[in-house]
file start00.csv (CSV, C-alpha atoms)
chain,number,residue,atom,x,y,z
B,1,MET,CA,87.0,109.7,78.7
B,2,ARG,CA,84.1,111.0,80.8
B,3,ILE,CA,80.7,109.4,81.0
B,4,GLY,CA,77.6,111.5,80.9
B,5,LEU,CA,74.0,111.6,79.7
B,6,ASP,CA,72.2,112.5,76.5
B,7,GLU,CA,69.2,114.6,77.3
B,8,TRP,CA,66.8,112.5,75.3
B,9,THR,CA,67.2,109.7,77.9
B,10,ILE,CA,65.3,111.9,80.3
B,11,HIS,CA,62.7,113.3,77.9
B,12,HIS,CA,60.0,112.3,80.2
B,13,LEU,CA,61.0,114.9,82.8
B,14,ASP,CA,59.9,118.5,82.5
B,15,ILE,CA,62.6,120.1,84.6
B,16,SER,CA,65.1,123.0,84.2
B,17,ALA,CA,68.6,122.8,82.9
B,18,TYR,CA,69.9,123.3,86.4
B,19,ASP,CA,67.8,120.4,87.6
B,20,LYS,CA,69.2,118.3,84.8
B,21,LEU,CA,72.7,119.1,86.0
B,22,ASP,CA,71.6,117.9,89.5
B,23,LEU,CA,70.2,114.7,88.0
B,24,VAL,CA,73.4,114.0,86.1
B,25,GLU,CA,75.4,114.3,89.4
B,26,SER,CA,72.9,112.1,91.2
B,27,PHE,CA,73.7,109.3,88.7
B,28,GLY,CA,77.4,109.8,89.3
B,29,LEU,CA,77.9,111.0,85.8
B,30,GLU,CA,80.1,113.8,84.4
B,31,GLY,CA,78.2,115.8,81.8
B,32,ILE,CA,75.3,116.2,79.5
B,33,GLN,CA,74.5,116.7,75.9
B,34,PHE,CA,71.5,119.0,75.4
B,35,ALA,CA,69.3,118.7,72.3
B,36,ASP,CA,69.3,122.5,71.7
B,37,ALA,CA,69.7,125.8,73.5
B,38,ARG,CA,66.0,126.1,74.3
B,39,ALA,CA,66.7,123.7,77.1
B,40,LEU,CA,68.9,126.4,78.7
B,41,SER,CA,66.8,129.4,77.7
B,42,ARG,CA,63.4,129.3,76.1
B,43,ASN,CA,64.1,132.7,74.5
B,44,PHE,CA,67.7,132.0,73.5
B,45,ASP,CA,68.9,134.6,76.0
B,46,LEU,CA,72.6,134.4,75.6
B,47,GLY,CA,73.1,135.6,79.2
B,48,GLU,CA,71.0,132.8,80.6
B,49,ILE,CA,72.7,130.3,78.3
B,50,ARG,CA,76.2,131.3,79.5
B,51,GLU,CA,75.0,131.1,83.1
B,52,VAL,CA,74.0,127.5,82.7
B,53,ALA,CA,77.3,126.8,81.0
B,54,ALA,CA,79.2,128.5,83.7
B,55,GLU,CA,77.4,126.4,86.3
B,56,ALA,CA,78.2,123.2,84.5
B,57,LYS,CA,81.9,124.3,84.4
B,58,ARG,CA,81.8,125.1,88.1
B,59,ARG,CA,80.6,121.5,88.7
B,60,ASN,CA,83.3,120.1,86.4
B,61,LEU,CA,80.6,118.7,84.1
B,62,TYR,CA,81.0,118.6,80.3
B,63,LEU,CA,78.3,120.3,78.3
B,64,GLU,CA,77.6,119.5,74.6
B,65,MET,CA,74.9,121.1,72.5
B,66,GLY,CA,72.7,120.5,69.5
B,67,ILE,CA,70.6,122.0,66.8
B,68,PRO,CA,67.6,120.4,64.9
B,69,GLY,CA,68.2,118.1,62.0
B,70,LEU,CA,69.0,119.5,58.6
B,71,ASN,CA,66.1,117.9,56.6
B,72,PHE,CA,64.2,120.4,54.5
B,73,LEU,CA,61.3,118.0,54.3
B,74,ARG,CA,60.8,118.0,58.0
B,75,PRO,CA,61.9,121.5,59.1
B,76,SER,CA,62.0,121.7,62.9
B,77,ALA,CA,59.2,123.6,64.5
B,78,LYS,CA,61.8,124.9,67.0
B,79,ALA,CA,63.9,126.3,64.1
B,80,LEU,CA,60.9,127.9,62.4
B,81,GLU,CA,59.8,129.5,65.6
B,82,ALA,CA,63.4,130.8,66.4
B,83,GLY,CA,63.5,132.2,62.9
B,84,GLN,CA,60.0,133.7,62.9
B,85,GLY,CA,59.0,131.4,60.1
B,86,ASP,CA,62.4,131.4,58.4
B,87,TYR,CA,64.0,127.9,58.8
B,88,MET,CA,67.5,128.9,57.9
B,89,ASN,CA,67.5,132.0,60.1
B,90,GLY,CA,66.2,129.9,62.9
B,91,LEU,CA,69.0,127.3,62.4
B,92,ARG,CA,71.6,130.1,62.5
B,93,ARG,CA,70.1,131.6,65.6
B,94,MET,CA,70.1,128.2,67.3
B,95,LEU,CA,73.6,127.5,66.2
B,96,GLU,CA,74.8,130.9,67.7
B,97,ALA,CA,72.9,130.1,70.9
B,98,ALA,CA,74.4,126.7,71.2
B,99,ALA,CA,77.9,128.0,70.6
B,100,ALA,CA,77.5,130.6,73.4
B,101,THR,CA,78.0,127.7,75.9
B,102,GLY,CA,81.6,127.4,74.8
B,103,THR,CA,81.3,123.9,73.4
B,104,SER,CA,82.7,123.0,70.0
B,105,VAL,CA,80.3,120.0,69.6
B,106,ILE,CA,77.0,120.9,67.9
B,107,ARG,CA,75.0,117.8,67.3
B,108,THR,CA,72.7,117.6,64.3
B,109,PHE,CA,71.4,114.9,61.9
B,110,VAL,CA,70.2,114.2,58.4
B,111,GLY,CA,67.0,112.3,58.9
B,112,GLY,CA,65.0,110.4,61.5
B,113,PRO,CA,63.1,107.1,61.6
B,114,GLY,CA,61.1,106.6,58.4
B,115,ASP,CA,62.7,109.4,56.4
B,116,ARG,CA,64.8,107.0,54.3
B,117,LEU,CA,61.6,105.2,53.2
B,118,ARG,CA,59.5,108.2,52.4
B,119,ARG,CA,57.9,108.0,49.0
B,120,ASP,CA,57.3,111.8,48.6
B,121,ALA,CA,61.0,112.5,48.3
B,122,GLU,CA,63.9,110.1,47.7
B,123,TRP,CA,66.4,109.6,50.4
B,124,GLN,CA,69.2,110.8,48.1
B,125,LEU,CA,67.3,114.1,47.6
B,126,GLN,CA,67.0,114.5,51.4
B,127,GLN,CA,70.7,113.9,51.8
B,128,ARG,CA,71.5,116.4,49.1
B,129,GLY,CA,69.3,119.0,50.9
B,130,ALA,CA,71.1,118.4,54.2
B,131,ILE,CA,74.5,118.8,52.6
B,132,GLN,CA,73.4,122.1,51.0
B,133,ILE,CA,72.0,123.4,54.4
B,134,ALA,CA,75.3,122.3,56.1
B,135,GLN,CA,77.3,124.2,53.4
B,136,SER,CA,75.2,127.3,54.0
B,137,LEU,CA,75.8,127.0,57.8
B,138,ALA,CA,79.5,126.3,57.3
B,139,PRO,CA,80.8,129.9,57.3
B,140,LEU,CA,79.0,130.6,60.6
B,141,ALA,CA,80.2,127.4,62.1
B,142,ARG,CA,83.8,128.4,61.2
B,143,GLU,CA,83.3,131.9,62.6
B,144,LEU,CA,81.9,130.4,65.9
B,145,GLY,CA,84.6,127.8,66.1
B,146,VAL,CA,82.2,124.8,66.3
B,147,TYR,CA,81.7,121.6,64.4
B,148,LEU,CA,78.4,120.3,62.9
B,149,ALA,CA,78.5,116.8,64.4
B,150,PHE,CA,76.2,114.6,62.4
B,151,GLU,CA,74.7,111.7,64.4
B,152,THR,CA,74.4,108.2,63.1
B,153,HIS,CA,70.7,108.8,63.5
B,154,ALA,CA,68.3,106.1,62.5
B,155,ASP,CA,68.2,106.7,58.8
B,156,VAL,CA,71.8,107.5,57.7
B,157,THR,CA,74.5,104.9,57.0
B,158,SER,CA,78.2,105.3,57.9
B,159,PHE,CA,79.0,105.4,54.1
B,160,GLU,CA,76.5,108.2,53.6
B,161,LEU,CA,78.1,110.2,56.4
B,162,LEU,CA,81.5,109.8,54.9
B,163,ARG,CA,80.3,111.2,51.6
B,164,LEU,CA,78.6,114.1,53.5
B,165,ILE,CA,81.8,114.9,55.3
B,166,GLU,CA,83.7,114.9,52.0
B,167,GLU,CA,81.3,117.4,50.4
B,168,VAL,CA,80.8,119.7,53.4
B,169,GLY,CA,84.5,119.6,54.6
B,170,ASP,CA,86.0,117.9,57.6
B,171,ASP,CA,86.9,121.3,59.1
B,172,VAL,CA,83.1,121.7,59.7
B,173,ALA,CA,81.4,118.3,59.5
B,174,LYS,CA,82.1,115.6,62.1
B,175,VAL,CA,80.3,112.6,63.6
B,176,ILE,CA,78.4,111.8,66.7
B,177,LEU,CA,78.6,108.1,67.0
B,178,ASP,CA,75.3,106.5,68.2
B,179,THR,CA,76.4,102.9,68.8
B,180,GLY,CA,72.8,101.6,68.9
B,181,ASN,CA,71.4,103.1,65.7
B,182,PHE,CA,73.4,101.0,63.2
B,183,PRO,CA,71.1,98.0,63.3
B,184,ILE,CA,68.3,100.3,62.1
B,185,VAL,CA,70.2,100.9,58.9
B,186,LEU,CA,71.3,97.2,58.8
B,187,GLU,CA,75.0,97.9,59.7
B,188,ASP,CA,77.4,96.1,62.0
B,189,PRO,CA,78.2,98.7,64.7
B,190,LEU,CA,81.8,97.6,65.0
B,191,ALA,CA,82.5,97.8,61.2
B,192,ALA,CA,80.8,101.2,61.0
B,193,THR,CA,82.7,102.5,63.9
B,194,ARG,CA,86.0,101.6,62.2
B,195,ARG,CA,85.0,103.5,59.1
B,196,LEU,CA,83.9,106.7,61.0
B,197,ALA,CA,86.5,106.6,63.8
B,198,PRO,CA,88.7,109.5,62.6
B,199,HIS,CA,85.7,111.9,62.4
B,200,ILE,CA,84.1,111.1,65.7
B,201,ILE,CA,84.0,114.0,68.2
B,202,ALA,CA,81.1,112.9,70.4
B,203,THR,CA,78.9,109.9,71.2
B,204,HIS,CA,75.5,108.5,72.1
B,205,MET,CA,76.4,105.3,73.9
B,206,LYS,CA,73.5,103.0,73.3
B,207,ASP,CA,72.8,99.3,73.3
B,208,CYS,CA,70.0,97.3,71.7
B,209,ILE,CA,68.8,93.8,70.7
B,210,THR,CA,67.4,92.6,67.4
B,211,ILE,CA,64.8,89.9,66.7
B,212,LEU,CA,63.5,88.4,63.5
B,213,THR,CA,59.8,88.8,62.6
B,214,GLU,CA,57.7,87.9,59.5
B,215,GLN,CA,58.5,91.3,58.1
B,216,GLY,CA,62.2,91.4,58.8
B,217,ILE,CA,64.4,92.6,61.7
B,218,SER,CA,63.2,94.6,64.7
B,219,SER,CA,65.5,96.6,67.0
B,220,GLN,CA,64.9,97.9,70.5
B,221,CYS,CA,67.1,99.8,72.9
B,222,ARG,CA,68.4,98.0,76.0
B,223,PRO,CA,70.5,99.2,79.0
B,224,LEU,CA,74.2,99.5,78.1
B,225,GLY,CA,76.0,96.2,78.4
B,226,THR,CA,72.9,94.1,78.1
B,227,GLY,CA,72.4,94.0,74.4
B,228,ILE,CA,74.2,93.1,71.2
B,229,VAL,CA,76.5,96.1,70.7
B,230,PRO,CA,80.2,95.2,71.2
B,231,LEU,CA,80.9,98.1,73.5
B,232,ALA,CA,84.4,97.0,74.6
B,233,ASP,CA,85.5,96.5,71.0
B,234,ILE,CA,84.1,99.9,70.0
B,235,LEU,CA,85.8,101.7,72.9
B,236,ALA,CA,89.1,99.9,72.1
B,237,ILE,CA,88.9,101.6,68.7
B,238,LEU,CA,87.9,105.0,70.1
B,239,TYR,CA,90.1,105.3,73.2
B,240,PRO,CA,93.5,105.4,71.4
B,241,LEU,CA,92.3,107.9,68.8
B,242,HIS,CA,90.1,110.1,71.1
B,243,PRO,CA,91.1,109.7,74.8
B,244,ASP,CA,89.2,112.8,75.7
B,245,LEU,CA,86.0,111.8,74.0
B,246,ASN,CA,82.8,112.2,76.1
B,247,LEU,CA,80.6,109.2,76.3
B,248,SER,CA,76.9,110.3,76.6
B,249,ILE,CA,74.5,107.5,77.6
B,250,GLU,CA,71.3,107.4,75.5
B,251,ASP,CA,68.5,105.0,76.2
B,252,HIS,CA,64.8,105.2,75.3
B,253,GLU,CA,61.7,103.3,74.4
B,254,GLY,CA,60.6,102.3,70.9
B,255,ILE,CA,60.7,99.4,68.5
B,256,TYR,CA,62.2,100.0,65.0
B,257,ARG,CA,61.3,97.6,62.2
B,258,MET,CA,63.2,97.0,59.0
B,259,ASP,CA,61.1,95.1,56.4
B,260,ILE,CA,63.9,93.1,54.7
B,261,PHE,CA,61.6,90.4,53.5
B,262,LYS,CA,59.6,92.8,51.4
B,263,ALA,CA,60.3,92.7,47.6
B,264,GLY,CA,62.7,95.4,46.5
B,265,TRP,CA,63.9,96.3,50.0
B,266,GLU,CA,67.5,96.4,48.8
B,267,ARG,CA,66.8,99.6,46.8
B,268,ASP,CA,66.5,101.4,50.1
B,269,TYR,CA,69.8,100.1,51.6
B,270,LEU,CA,72.3,100.4,48.7
B,271,ASP,CA,75.3,100.3,51.1
B,272,ILE,CA,74.4,97.1,52.9
B,273,HIS,CA,77.1,94.4,53.0
B,274,ALA,CA,76.1,90.7,53.3
B,275,ASN,CA,78.4,90.3,56.3
B,276,ASP,CA,76.5,93.0,58.2
B,277,LEU,CA,73.2,91.5,57.5
B,278,ALA,CA,74.4,88.0,58.5
B,279,TRP,CA,75.7,89.5,61.8
B,280,LEU,CA,72.4,91.1,62.6
B,281,ILE,CA,70.4,87.9,61.8
B,282,GLU,CA,72.8,85.9,64.1
B,283,GLN,CA,72.4,88.5,66.9
B,284,ALA,CA,68.6,88.2,66.4
B,285,ARG,CA,68.8,84.5,66.9
B,286,LEU,CA,70.9,84.9,70.0
B,287,SER,CA,68.5,87.6,71.4
B,288,GLU,CA,65.5,85.3,70.8
B,289,VAL,CA,67.2,82.5,72.8
B,290,ARG,CA,67.7,85.0,75.7
B,291,ILE,CA,64.1,86.0,75.5
B,292,GLU,CA,62.8,82.4,75.4
B,293,SER,CA,65.0,81.5,78.4
B,294,GLY,CA,63.6,84.4,80.4
B,295,GLU,CA,67.0,86.1,80.7
B,296,ILE,CA,65.7,89.2,79.2
B,297,SER,CA,62.2,90.6,78.5
B,298,GLY,CA,60.5,90.4,75.1
B,299,MET,CA,60.1,93.5,73.1
B,300,ASP,CA,56.4,93.9,73.5
B,301,THR,CA,56.6,93.2,77.2
B,302,LEU,CA,59.2,95.9,77.8
B,303,GLU,CA,57.4,98.3,75.5
B,304,GLY,CA,54.3,98.0,77.7
B,305,ILE,CA,56.1,99.5,80.7
B,306,PRO,CA,56.0,103.4,80.7
B,307,TRP,CA,59.4,104.9,80.0
B,308,ALA,CA,59.1,107.0,83.2
B,309,ASP,CA,58.9,103.7,85.2
B,310,GLN,CA,62.1,102.3,83.6
B,311,ALA,CA,64.4,105.2,83.0
B,312,ASP,CA,66.1,105.6,86.4
B,313,ALA,CA,67.0,101.9,86.8
B,314,ARG,CA,68.1,101.6,83.2
B,315,ILE,CA,70.4,104.7,83.4
B,316,ARG,CA,72.0,103.3,86.6
B,317,THR,CA,72.5,99.9,85.1
B,318,GLY,CA,73.9,101.3,81.9
B,319,ALA,CA,76.2,103.7,83.7
B,320,ALA,CA,77.6,101.0,85.9
B,321,ASN,CA,78.2,98.7,82.9
B,322,LEU,CA,79.8,101.4,80.8
B,323,LYS,CA,82.2,102.4,83.7
B,324,ARG,CA,83.2,98.8,84.1
B,325,ILE,CA,83.8,98.2,80.4
B,326,LEU,CA,85.7,101.5,80.0
B,327,GLY,CA,87.9,100.6,83.0
B,328,GLU,CA,88.7,97.3,81.4
B,329,VAL,CA,89.6,98.8,78.1
B,330,THR,CA,91.7,101.6,79.4
B,331,THR,CA,93.8,99.3,81.7
B,332,LEU,CA,94.7,96.9,78.9
call {"tool": "encode", "arguments": {"input": "start00.csv", "output": "structure tokens"}}
result
Amino acid sequence: MRIGLDEWTIHHLDISAYDKLDLVESFGLEGIQFADARALSRNFDLGEIREVAAEAKRRNLYLEMGIPGLNFLRPSAKALEAGQGDYMNGLRRMLEAAAATGTSVIRTFVGGPGDRLRRDAEWQLQQRGAIQIAQSLAPLARELGVYLAFETHADVTSFELLRLIEEVGDDVAKVILDTGNFPIVLEDPLAATRRLAPHIIATHMKDCITILTEQGISSQCRPLGTGIVPLADILAILYPLHPDLNLSIEDHEGIYRMDIFKAGWERDYLDIHANDLAWLIEQARLSEVRIESGEISGMDTLEGIPWADQADARIRTGAANLKRILGEVTTL
């Protein structure tokens, strides 16, 4: 397993792809997952894209790629631009450009924060749309020799991803495991990892804390190894199955709120298990104790610090903790 960086962690930096490779090396990391090919070439020039990929290979850095999410309600401006106003043509062009790097991992997602709770279109309808788009892209993905790796991305549950994989086909649809997003959909990260483990081909290694509010549960990212995510237990599941899996660190600002004290909230989370919810509430209690003792900062306090002023130290802390945890797991 190699430890690298997800590009969103450094979204505050307006630098070239080559500079991002330099940055990854400066952190002592071993690769990067780019959001999409525009980070390598603004015009999707396949020659420029292959040059960046060749440079990463020369430095012995892994490189993984992405395309925008497959949600017809929120079609990506990047995909629309790439397709000259045609969303599907834009997705195809971006998929071809990402595959030009030689990676087989193409990250995508169903929905982002808030999409599950939209009232202009039911979440089930959005999922159906994403499945249909993935099915349309499947022949091209097979031709290119790549997988559409759906992230556990803020609004989709592990159960929903399993159903998506069954419909699209596991020869095309796989999973990017974001370890810190499960609390946002009220899931226990360890239980969800067990369910998804056979389908995981990439990761966003993320940690978080939860707290209870008058509205429900709030979640906020924290440096790896300082939050509630059982990273050692998760890696103990993944390592035997996928010893060559890349571990891409993701960390960022933002507070995510789940209004579980609102009447009828259960309709939006049909897959929720009582054990998962109990675990999240217990973790919230423990996080609040840590905040009150001064061990860790409160959510609002931390959110008041610009991400650019936190990112470097948080990446280094998370990388050191993840290397230590991985070392402990792999020597058992």
call {"tool": "atom_distance", "arguments": {"input": "start00.csv", "atom1": "CA of Phe182 in chain B", "atom2": "CA of Asn71 in chain B"}}
result
19.6 Å
call {"tool": "closest_residue", "arguments": {"input": "start00.csv", "among": "B:Asn43, B:Thr317, B:Ser136, B:Thr152", "to": "Met94 in chain B", "atoms": "all atoms listed in the file"}}
result
B:Asn43
call {"tool": "closest_residue", "arguments": {"input": "start00.csv", "among": "B:Gln84, B:Ser297, B:Thr108, B:Gln33", "to": "Leu61 in chain B", "atoms": "all atoms listed in the file"}}
result
B:Gln33
call {"tool": "atom_distance", "arguments": {"input": "start00.csv", "atom1": "CA of Asp19 in chain B", "atom2": "CA of Glu64 in chain B"}}
result
16.3 Å
call {"tool": "closest_residue", "arguments": {"input": "start00.csv", "among": "B:Asp233, B:Asp171, B:Asp268, B:Glu295", "to": "Glu328 in chain B", "atoms": "only C-alpha atoms"}}
result
B:Asp233
call {"tool": "residues_around", "arguments": {"input": "start00.csv", "residues": "Lys78 in chain B", "least_positions_apart": "6", "cutoff": "10 Å", "atoms": "all atoms listed in the file", "output": "CSV table (one decimal) with C-alpha atoms, in the frame of the given file"}}
result
chain,number,residue,atom,x,y,z
B,36,ASP,CA,69.3,122.5,71.7
B,38,ARG,CA,66.0,126.1,74.3
B,67,ILE,CA,70.6,122.0,66.8
B,68,PRO,CA,67.6,120.4,64.9
B,84,GLN,CA,60.0,133.7,62.9
B,85,GLY,CA,59.0,131.4,60.1
B,87,TYR,CA,64.0,127.9,58.8
B,90,GLY,CA,66.2,129.9,62.9
B,91,LEU,CA,69.0,127.3,62.4
B,94,MET,CA,70.1,128.2,67.3
call {"tool": "closest_residue", "arguments": {"input": "start00.csv", "among": "B:Ile260, B:Ile201, B:Leu70, B:Ala17", "to": "Glu51 in chain B", "atoms": "all atoms listed in the file"}}
result
B:Ala17
call {"tool": "atom_distance", "arguments": {"input": "start00.csv", "atom1": "CA of Ile255 in chain B", "atom2": "CA of Ser218 in chain B"}}
result
6.6 Å
call {"tool": "build_atoms", "arguments": {"input": "start00.csv", "residues": "range 101-133 of chain B", "atoms": "N, CA and C atoms", "output": "PDB file, keeping the file's coordinate frame"}}
result
ATOM      1  N   THR B 101      77.592 128.504  74.709  1.00  0.00           N
ATOM      2  CA  THR B 101      78.000 127.700  75.900  1.00  0.00           C
ATOM      3  C   THR B 101      79.482 127.469  75.938  1.00  0.00           C
ATOM      4  N   GLY B 102      80.154 127.669  74.821  1.00  0.00           N
ATOM      5  CA  GLY B 102      81.600 127.400  74.800  1.00  0.00           C
ATOM      6  C   GLY B 102      81.951 126.048  74.242  1.00  0.00           C
ATOM      7  N   THR B 103      80.965 125.224  73.946  1.00  0.00           N
ATOM      8  CA  THR B 103      81.300 123.900  73.400  1.00  0.00           C
ATOM      9  C   THR B 103      81.632 124.026  71.920  1.00  0.00           C
ATOM     10  N   SER B 104      82.406 123.065  71.442  1.00  0.00           N
ATOM     11  CA  SER B 104      82.700 123.000  70.000  1.00  0.00           C
ATOM     12  C   SER B 104      81.867 121.921  69.309  1.00  0.00           C
ATOM     13  N   VAL B 105      81.127 121.137  70.088  1.00  0.00           N
ATOM     14  CA  VAL B 105      80.300 120.000  69.600  1.00  0.00           C
ATOM     15  C   VAL B 105      78.873 120.473  69.418  1.00  0.00           C
ATOM     16  N   ILE B 106      78.389 120.545  68.180  1.00  0.00           N
ATOM     17  CA  ILE B 106      77.000 120.900  67.900  1.00  0.00           C
ATOM     18  C   ILE B 106      76.353 119.740  67.156  1.00  0.00           C
ATOM     19  N   ARG B 107      75.566 118.967  67.857  1.00  0.00           N
ATOM     20  CA  ARG B 107      75.000 117.800  67.300  1.00  0.00           C
ATOM     21  C   ARG B 107      73.833 118.155  66.312  1.00  0.00           C
ATOM     22  N   THR B 108      73.771 117.470  65.187  1.00  0.00           N
ATOM     23  CA  THR B 108      72.700 117.600  64.300  1.00  0.00           C
ATOM     24  C   THR B 108      72.490 116.235  63.557  1.00  0.00           C
ATOM     25  N   PHE B 109      71.605 116.153  62.563  1.00  0.00           N
ATOM     26  CA  PHE B 109      71.400 114.900  61.900  1.00  0.00           C
ATOM     27  C   PHE B 109      70.740 115.129  60.530  1.00  0.00           C
ATOM     28  N   VAL B 110      70.748 114.094  59.696  1.00  0.00           N
ATOM     29  CA  VAL B 110      70.200 114.200  58.400  1.00  0.00           C
ATOM     30  C   VAL B 110      68.691 113.860  58.383  1.00  0.00           C
ATOM     31  N   GLY B 111      68.347 112.699  58.924  1.00  0.00           N
ATOM     32  CA  GLY B 111      67.000 112.300  58.900  1.00  0.00           C
ATOM     33  C   GLY B 111      66.669 111.407  60.147  1.00  0.00           C
ATOM     34  N   GLY B 112      65.406 111.207  60.419  1.00  0.00           N
ATOM     35  CA  GLY B 112      65.000 110.400  61.500  1.00  0.00           C
ATOM     36  C   GLY B 112      64.302 109.121  61.050  1.00  0.00           C
ATOM     37  N   PRO B 113      63.781 108.314  61.972  1.00  0.00           N
ATOM     38  CA  PRO B 113      63.100 107.100  61.600  1.00  0.00           C
ATOM     39  C   PRO B 113      62.038 107.258  60.556  1.00  0.00           C
ATOM     40  N   GLY B 114      62.154 106.552  59.449  1.00  0.00           N
ATOM     41  CA  GLY B 114      61.100 106.600  58.400  1.00  0.00           C
ATOM     42  C   GLY B 114      61.475 107.536  57.251  1.00  0.00           C
ATOM     43  N   ASP B 115      62.411 108.478  57.443  1.00  0.00           N
ATOM     44  CA  ASP B 115      62.700 109.400  56.400  1.00  0.00           C
ATOM     45  C   ASP B 115      63.340 108.704  55.160  1.00  0.00           C
ATOM     46  N   ARG B 116      64.159 107.695  55.410  1.00  0.00           N
ATOM     47  CA  ARG B 116      64.800 107.000  54.300  1.00  0.00           C
ATOM     48  C   ARG B 116      63.727 106.321  53.404  1.00  0.00           C
ATOM     49  N   LEU B 117      62.612 105.920  53.985  1.00  0.00           N
ATOM     50  CA  LEU B 117      61.600 105.200  53.200  1.00  0.00           C
ATOM     51  C   LEU B 117      60.444 106.041  52.737  1.00  0.00           C
ATOM     52  N   ARG B 118      60.534 107.357  52.911  1.00  0.00           N
ATOM     53  CA  ARG B 118      59.500 108.200  52.400  1.00  0.00           C
ATOM     54  C   ARG B 118      59.364 108.146  50.910  1.00  0.00           C
ATOM     55  N   ARG B 119      58.149 108.145  50.413  1.00  0.00           N
ATOM     56  CA  ARG B 119      57.900 108.000  49.000  1.00  0.00           C
ATOM     57  C   ARG B 119      57.665 109.399  48.331  1.00  0.00           C
ATOM     58  N   ASP B 120      57.504 110.451  49.149  1.00  0.00           N
ATOM     59  CA  ASP B 120      57.300 111.800  48.600  1.00  0.00           C
ATOM     60  C   ASP B 120      58.591 112.460  48.195  1.00  0.00           C
ATOM     61  N   ALA B 121      59.709 111.920  48.652  1.00  0.00           N
ATOM     62  CA  ALA B 121      61.000 112.500  48.300  1.00  0.00           C
ATOM     63  C   ALA B 121      62.069 111.377  48.516  1.00  0.00           C
ATOM     64  N   GLU B 122      62.874 111.109  47.520  1.00  0.00           N
ATOM     65  CA  GLU B 122      63.900 110.100  47.700  1.00  0.00           C
ATOM     66  C   GLU B 122      64.891 110.450  48.735  1.00  0.00           C
ATOM     67  N   TRP B 123      65.419 109.410  49.373  1.00  0.00           N
ATOM     68  CA  TRP B 123      66.400 109.600  50.400  1.00  0.00           C
ATOM     69  C   TRP B 123      67.626 110.372  49.903  1.00  0.00           C
ATOM     70  N   GLN B 124      68.021 110.085  48.667  1.00  0.00           N
ATOM     71  CA  GLN B 124      69.200 110.800  48.100  1.00  0.00           C
ATOM     72  C   GLN B 124      68.912 112.283  48.004  1.00  0.00           C
ATOM     73  N   LEU B 125      67.675 112.658  47.707  1.00  0.00           N
ATOM     74  CA  LEU B 125      67.300 114.100  47.600  1.00  0.00           C
ATOM     75  C   LEU B 125      67.371 114.711  49.024  1.00  0.00           C
ATOM     76  N   GLN B 126      66.933 113.984  50.034  1.00  0.00           N
ATOM     77  CA  GLN B 126      67.000 114.500  51.400  1.00  0.00           C
ATOM     78  C   GLN B 126      68.451 114.701  51.834  1.00  0.00           C
ATOM     79  N   GLN B 127      69.311 113.744  51.491  1.00  0.00           N
ATOM     80  CA  GLN B 127      70.700 113.900  51.800  1.00  0.00           C
ATOM     81  C   GLN B 127      71.323 115.113  51.135  1.00  0.00           C
ATOM     82  N   ARG B 128      70.989 115.298  49.851  1.00  0.00           N
ATOM     83  CA  ARG B 128      71.500 116.400  49.100  1.00  0.00           C
ATOM     84  C   ARG B 128      71.055 117.745  49.777  1.00  0.00           C
ATOM     85  N   GLY B 129      69.803 117.789  50.221  1.00  0.00           N
ATOM     86  CA  GLY B 129      69.300 119.000  50.900  1.00  0.00           C
ATOM     87  C   GLY B 129      70.068 119.253  52.191  1.00  0.00           C
ATOM     88  N   ALA B 130      70.345 118.195  52.973  1.00  0.00           N
ATOM     89  CA  ALA B 130      71.100 118.400  54.200  1.00  0.00           C
ATOM     90  C   ALA B 130      72.501 118.868  53.963  1.00  0.00           C
ATOM     91  N   ILE B 131      73.128 118.364  52.914  1.00  0.00           N
ATOM     92  CA  ILE B 131      74.500 118.800  52.600  1.00  0.00           C
ATOM     93  C   ILE B 131      74.444 120.300  52.191  1.00  0.00           C
ATOM     94  N   GLN B 132      73.459 120.715  51.432  1.00  0.00           N
ATOM     95  CA  GLN B 132      73.400 122.100  51.000  1.00  0.00           C
ATOM     96  C   GLN B 132      73.119 123.026  52.229  1.00  0.00           C
ATOM     97  N   ILE B 133      72.273 122.578  53.163  1.00  0.00           N
ATOM     98  CA  ILE B 133      72.000 123.400  54.400  1.00  0.00           C
ATOM     99  C   ILE B 133      73.319 123.460  55.194  1.00  0.00           C
TER     100      ILE B 133
END
